[in-house]
$ cat work_1.cif   # mmCIF, C-alpha atoms
data_start
loop_
_atom_site.label_atom_id
_atom_site.label_comp_id
_atom_site.auth_asym_id
_atom_site.auth_seq_id
_atom_site.Cartn_x
_atom_site.Cartn_y
_atom_site.Cartn_z
CA MET U 28 0.00 0.00 0.00
CA ARG U 29 1.34 3.42 -0.94
CA ARG U 30 1.99 6.21 1.53
CA LEU U 31 -0.95 8.28 2.72
CA ARG U 32 -1.13 11.12 0.19
CA ILE U 33 -2.34 14.60 1.12
CA ALA U 34 -3.13 17.42 -1.32
CA VAL U 35 -2.05 20.83 -0.03
CA PRO U 36 -3.25 24.06 -1.72
CA LYS U 37 -0.78 26.69 -2.82
CA GLY U 38 -1.62 30.32 -2.17
CA ALA U 39 -3.58 32.03 0.60
CA ILE U 40 -4.25 29.06 2.90
CA PHE U 41 -0.93 27.23 2.32
CA GLU U 42 0.59 28.21 5.67
CA ASP U 43 -2.67 27.52 7.52
CA ALA U 44 -2.77 24.08 5.93
CA LEU U 45 0.81 23.33 6.99
CA ALA U 46 0.07 24.52 10.53
CA ALA U 47 -2.95 22.22 10.78
CA LEU U 48 -1.06 19.25 9.38
CA GLY U 49 1.81 20.03 11.74
CA THR U 50 -0.50 19.74 14.75
CA ALA U 51 -1.14 16.16 13.64
CA GLY U 52 2.59 15.47 13.85
CA LEU U 53 3.13 15.28 10.09
CA PRO U 54 6.54 16.31 8.67
CA VAL U 55 5.34 19.44 6.86
CA ASP U 56 8.69 21.28 6.93
CA VAL U 57 9.65 19.34 3.83
CA LEU U 58 7.10 21.38 1.86
CA ARG U 59 9.07 24.55 2.55
CA GLU U 60 12.33 23.21 1.15
CA ASN U 61 11.76 23.88 -2.55
CA GLY U 62 8.78 25.79 -3.88
CA ARG U 63 9.14 24.33 -7.37
CA ARG U 64 8.61 20.71 -6.37
CA LEU U 65 5.10 19.27 -6.67
CA VAL U 66 5.53 15.97 -4.79
CA TYR U 67 7.18 15.64 -1.37
CA ARG U 68 7.83 12.41 0.55
CA SER U 69 8.72 12.16 4.19
CA GLY U 70 8.32 9.13 6.43
CA GLY U 71 5.03 7.42 5.73
CA THR U 72 3.39 10.48 4.18
CA GLU U 73 3.38 11.91 0.68
CA PHE U 74 2.32 15.49 -0.04
CA ILE U 75 1.31 17.01 -3.36
CA THR U 76 0.86 20.74 -3.90
CA SER U 77 -1.55 22.21 -6.41
CA ARG U 78 -3.84 25.12 -7.16
CA PRO U 79 -6.69 25.24 -4.61
CA SER U 80 -9.28 24.55 -7.31
CA ASP U 81 -7.50 21.31 -8.22
CA VAL U 82 -7.33 19.87 -4.70
CA PRO U 83 -10.90 18.44 -4.77
CA VAL U 84 -10.19 16.90 -8.19
CA PHE U 85 -7.17 14.99 -6.89
CA VAL U 86 -9.11 13.85 -3.83
CA GLU U 87 -12.33 12.91 -5.62
CA HIS U 88 -10.52 10.74 -8.15
CA GLY U 89 -8.28 9.03 -5.60
CA ALA U 90 -4.99 10.65 -6.56
CA ALA U 91 -4.92 11.95 -2.98
CA ASP U 92 -6.45 10.46 0.14
CA LEU U 93 -6.89 13.76 1.97
CA GLY U 94 -6.85 17.42 1.04
CA ILE U 95 -7.29 20.89 2.47
CA VAL U 96 -9.37 23.41 0.55
CA GLY U 97 -11.60 26.43 1.10
CA LYS U 98 -15.33 25.95 1.50
CA ASP U 99 -15.80 28.37 -1.41
CA VAL U 100 -14.14 25.86 -3.76
CA LEU U 101 -16.31 23.01 -2.45
CA GLU U 102 -19.48 25.04 -2.91
CA GLU U 103 -18.48 26.00 -6.43
CA GLN U 104 -17.40 22.54 -7.62
CA GLU U 105 -19.64 20.31 -5.46
CA PRO U 106 -17.14 17.40 -5.69
CA ASN U 107 -18.01 13.88 -4.55
CA VAL U 108 -15.76 13.90 -1.46
CA MET U 109 -16.22 13.67 2.29
CA GLU U 110 -15.90 16.92 4.24
CA LEU U 111 -14.42 15.91 7.58
CA LYS U 112 -13.37 19.03 9.49
CA ASP U 113 -13.64 22.81 9.52
CA LEU U 114 -10.21 24.17 10.41
CA GLY U 115 -11.60 27.65 11.07
CA THR U 116 -8.76 29.38 9.20
CA GLY U 117 -8.53 31.31 5.94
CA GLY U 118 -11.82 33.04 6.61
CA CYS U 119 -13.36 35.09 3.82
CA ARG U 120 -16.80 36.09 2.56
CA MET U 121 -18.42 35.49 -0.80
CA VAL U 122 -20.15 38.77 -1.64
CA LEU U 123 -22.18 40.54 -4.27
CA ALA U 124 -20.60 43.93 -4.93
CA ALA U 125 -21.03 46.86 -7.31
CA PRO U 126 -19.48 50.30 -7.93
CA GLY U 127 -20.56 52.73 -5.22
CA GLU U 128 -22.22 55.15 -7.64
CA LYS U 129 -24.20 52.33 -9.26
CA ALA U 130 -25.07 50.34 -6.14
CA ARG U 131 -28.59 51.73 -5.82
CA ALA U 132 -29.36 51.10 -9.49
CA VAL U 133 -28.12 47.52 -9.24
CA ARG U 134 -30.21 46.89 -6.12
CA GLU U 135 -33.29 48.25 -7.86
CA ALA U 136 -32.64 46.23 -11.00
CA ILE U 137 -32.42 43.03 -8.94
CA SER U 138 -35.53 43.88 -6.90
CA HIS U 139 -37.47 44.58 -10.12
CA ALA U 140 -36.39 41.22 -11.56
CA GLU U 141 -34.33 42.79 -14.31
CA VAL U 142 -31.50 40.69 -15.72
CA VAL U 143 -28.15 41.98 -14.47
CA ARG U 144 -24.70 41.06 -15.71
CA VAL U 145 -22.41 39.66 -13.03
CA ALA U 146 -18.72 38.84 -13.44
CA THR U 147 -17.19 36.13 -11.25
CA LYS U 148 -14.67 33.35 -10.82
CA PHE U 149 -17.49 31.35 -9.21
CA PRO U 150 -20.20 30.99 -11.90
CA ASN U 151 -22.05 28.11 -10.26
CA THR U 152 -22.17 29.92 -6.92
CA ALA U 153 -23.39 33.10 -8.61
CA ARG U 154 -26.12 31.26 -10.52
CA ARG U 155 -27.36 29.50 -7.39
CA TYR U 156 -27.41 32.79 -5.51
CA PHE U 157 -29.60 34.54 -8.08
CA GLU U 158 -31.79 31.47 -8.48
CA GLY U 159 -32.30 31.52 -4.72
CA LEU U 160 -33.54 35.09 -5.04
CA GLY U 161 -35.86 34.07 -7.84
CA ARG U 162 -33.93 36.38 -10.17
CA GLN U 163 -32.04 35.97 -13.41
CA ALA U 164 -28.48 37.04 -14.14
CA GLU U 165 -26.13 36.90 -17.07
CA VAL U 166 -23.08 35.30 -15.50
CA ILE U 167 -19.73 36.14 -17.08
CA ALA U 168 -16.93 33.81 -15.98
CA LEU U 169 -13.48 35.35 -15.53
CA HIS U 170 -10.24 33.95 -14.13
CA GLY U 171 -8.80 37.12 -12.64
CA SER U 172 -9.23 40.89 -12.16
CA ILE U 173 -12.89 40.48 -11.26
CA GLU U 174 -13.00 44.01 -9.81
CA LEU U 175 -12.16 45.41 -13.25
CA ALA U 176 -15.33 44.09 -14.90
CA PRO U 177 -17.84 46.67 -13.62
CA LEU U 178 -15.30 49.48 -13.95
CA VAL U 179 -15.06 49.00 -17.73
CA GLY U 180 -18.71 48.13 -18.37
CA LEU U 181 -18.33 44.36 -18.74
CA SER U 182 -20.78 43.80 -15.90
CA GLU U 183 -22.99 45.71 -13.48
CA CYS U 184 -21.76 43.79 -10.45
CA ILE U 185 -19.48 41.00 -9.28
CA VAL U 186 -19.60 37.92 -7.07
CA ASP U 187 -16.22 37.39 -5.42
CA LEU U 188 -14.35 36.53 -2.25
CA THR U 189 -13.16 39.18 0.17
CA ALA U 190 -11.08 38.72 3.30
CA THR U 191 -10.41 42.31 4.41
CA GLY U 192 -12.40 44.30 1.83
CA THR U 193 -9.32 46.30 0.87
CA THR U 194 -9.40 45.44 -2.84
CA LEU U 195 -13.09 46.29 -3.02
CA ARG U 196 -12.56 49.66 -1.38
CA GLU U 197 -9.56 50.48 -3.57
CA ASN U 198 -11.77 49.95 -6.63
CA ASN U 199 -14.78 51.86 -5.22
CA LEU U 200 -16.87 48.70 -4.92
CA VAL U 201 -19.42 48.29 -2.14
CA VAL U 202 -20.92 45.08 -0.79
CA LEU U 203 -24.59 44.65 -1.65
CA ASP U 204 -25.04 41.26 -0.02
CA SER U 205 -23.05 38.56 1.78
CA ILE U 206 -23.64 35.21 0.11
CA SER U 207 -21.61 32.82 2.26
CA TYR U 208 -18.65 32.51 4.60
CA SER U 209 -15.69 30.28 3.76
CA THR U 210 -13.00 28.65 5.88
CA ALA U 211 -10.48 25.89 5.20
CA ARG U 212 -11.87 22.36 5.26
CA VAL U 213 -10.33 18.89 5.42
CA ILE U 214 -11.73 16.56 2.76
CA ALA U 215 -11.21 12.87 2.06
CA ASN U 216 -11.61 10.49 -0.84
CA ARG U 217 -14.60 8.25 -0.14
CA GLY U 218 -12.71 5.07 -0.95
CA SER U 219 -9.73 6.06 1.19
CA TYR U 220 -12.01 6.91 4.10
CA ARG U 221 -13.49 3.43 3.91
CA LEU U 222 -10.40 1.35 3.12
CA ARG U 223 -7.85 3.35 5.16
CA HIS U 224 -10.24 4.60 7.81
CA ASP U 225 -8.03 4.18 10.87
CA GLU U 226 -5.11 5.93 9.18
CA VAL U 227 -7.22 8.78 7.79
CA ALA U 228 -9.21 9.25 10.99
CA ALA U 229 -6.05 9.38 13.11
CA VAL U 230 -4.65 12.26 11.03
CA VAL U 231 -7.91 14.21 10.88
CA ASP U 232 -8.67 13.77 14.58
CA ALA U 233 -5.18 15.01 15.48
CA MET U 234 -5.57 18.16 13.37
CA ARG U 235 -6.77 20.79 15.79
CA ALA U 236 -9.38 23.21 14.51
CA ARG U 237 -8.61 26.86 15.23
CA LYS U 238 -11.01 29.70 15.86
CA GLN U 239 -11.02 32.43 13.23
CA PRO U 240 -9.34 35.62 14.53
CA GLN U 241 -11.66 38.56 15.17
CA GLY U 242 -12.05 40.88 12.19
CA VAL U 243 -10.96 38.47 9.49
CA GLY U 244 -13.53 38.11 6.77
CA GLY U 245 -14.86 41.61 7.11
CA GLY U 246 -16.03 43.61 4.10
#

$ encode --input "work_1.cif" --output "structure tokens"
Amino acid sequence: MRRLRIAVPKGAIFEDALAALGTAGLPVDVLRENGRRLVYRSGGTEFITSRPSDVPVFVEHGAADLGIVGKDVLEEQEPNVMELKDLGTGGCRMVLAAPGEKARAVREAISHAEVVRVATKFPNTARRYFEGLGRQAEVIALHGSIELAPLVGLSECIVDLTATGTTLRENNLVVLDSISYSTARVIANRGSYRLRHDEVAAVVDAMRARKQPQGVGGG
């Protein structure tokens, strides 16, 4: 049987993920040795690093037994994995936002059931949000610079993540609604959870959840 393999996300929650894995006694310092490597082996554990959006893919298809990923990614992708623990770190909000001078017009358009254009990196989340309101939206999927879309007329509003709200404020965007709150979660492959249950459960149980610091996640 191969080593237990854990998918670790690069980017914003990388250090939080290492801290959580470290509390379980795993040799995470090896991941800091060379940022260009993608696979790290130490003792009986193997780590792979990837973009956050790819972590659920590796876990769902059995290329990794465990993974750490933001709840926002899980809600967007809805992968067939087991969500085992909320680590309480990496807190951020999914929000609907619009330029300050157009905020009232966008609110009125939505309340009057007019179709609005919304730019986002989370198209499925955005569609579900508007469907939940009983409203329609033209969802424009982007991969970056979401805040730019309403500033150049590509969209009337955006659906995006914010941790401190700084980027929104710098681009004169105001929050119209908070859609959801995201923190880092531990996920498992369903087959691994069944076939390697004792091993998986021991790691997850030893990973201590941490309360989100006050003020993080604000708009």

$ residues_around --input "work_1.cif" --residues "Phe85 of chain U" --least-positions-apart "3" --cutoff "10 Å" --atoms "only C-alpha atoms" --output "ChimeraX atom specification"
/U:33-34,75,77,80-82,88-94,216

$ resolve_selection --input "work_1.cif" --expression "the PyMOL selection byres ((chain U and resi 203) around 8)" --output "VMD selection string"
chain U and resid 122 to 125 130 134 201 to 202 204 to 205

$ write_last_selection --input "work_1.cif" --atoms "C-alpha atoms" --output "tab-separated table (two decimals), keeping the file's coordinate frame"
chain	number	residue	atom	x	y	z
U	122	VAL	CA	-20.15	38.77	-1.64
U	123	LEU	CA	-22.18	40.54	-4.27
U	124	ALA	CA	-20.60	43.93	-4.93
U	125	ALA	CA	-21.03	46.86	-7.31
U	130	ALA	CA	-25.07	50.34	-6.14
U	134	ARG	CA	-30.21	46.89	-6.12
U	201	VAL	CA	-19.42	48.29	-2.14
U	202	VAL	CA	-20.92	45.08	-0.79
U	204	ASP	CA	-25.04	41.26	-0.02
U	205	SER	CA	-23.05	38.56	1.78

$ closest_atom_pairs --input "work_1.cif" --of "segment 145-241 of chain U" --to "segment 29-32 of chain U" --cutoff "10 Å" --atoms "only C-alpha atoms" --output "Markdown table"
| residue | atom | partner | partner_atom | distance |
| --- | --- | --- | --- | --- |
| U:Ser219 | CA | U:Leu31 | CA | 9.2 |
| U:Arg223 | CA | U:Leu31 | CA | 8.8 |
| U:Glu226 | CA | U:Leu31 | CA | 8.0 |
| U:Val227 | CA | U:Leu31 | CA | 8.1 |
| U:Val230 | CA | U:Leu31 | CA | 9.9 |

$ write_last_selection --input "work_1.cif" --atoms "C-alpha atoms" --output "short mmCIF file (atom, residue, chain, number, x, y, z; two decimals), in the frame of the given file"
data_model
loop_
_atom_site.label_atom_id
_atom_site.label_comp_id
_atom_site.auth_asym_id
_atom_site.auth_seq_id
_atom_site.Cartn_x
_atom_site.Cartn_y
_atom_site.Cartn_z
CA SER U 219 -9.73 6.06 1.19
CA ARG U 223 -7.85 3.35 5.16
CA GLU U 226 -5.11 5.93 9.18
CA VAL U 227 -7.22 8.78 7.79
CA VAL U 230 -4.65 12.26 11.03
#

$ atom_distance --input "work_1.cif" --atom1 "atom CA of Ala228 of chain U" --atom2 "atom CA of Glu73 of chain U"
16.5 Å

$ resolve_selection --input "work_1.cif" --expression "the PyMOL selection byres ((chain U and resi 174-188) around 7)" --output "count of residues only"
21
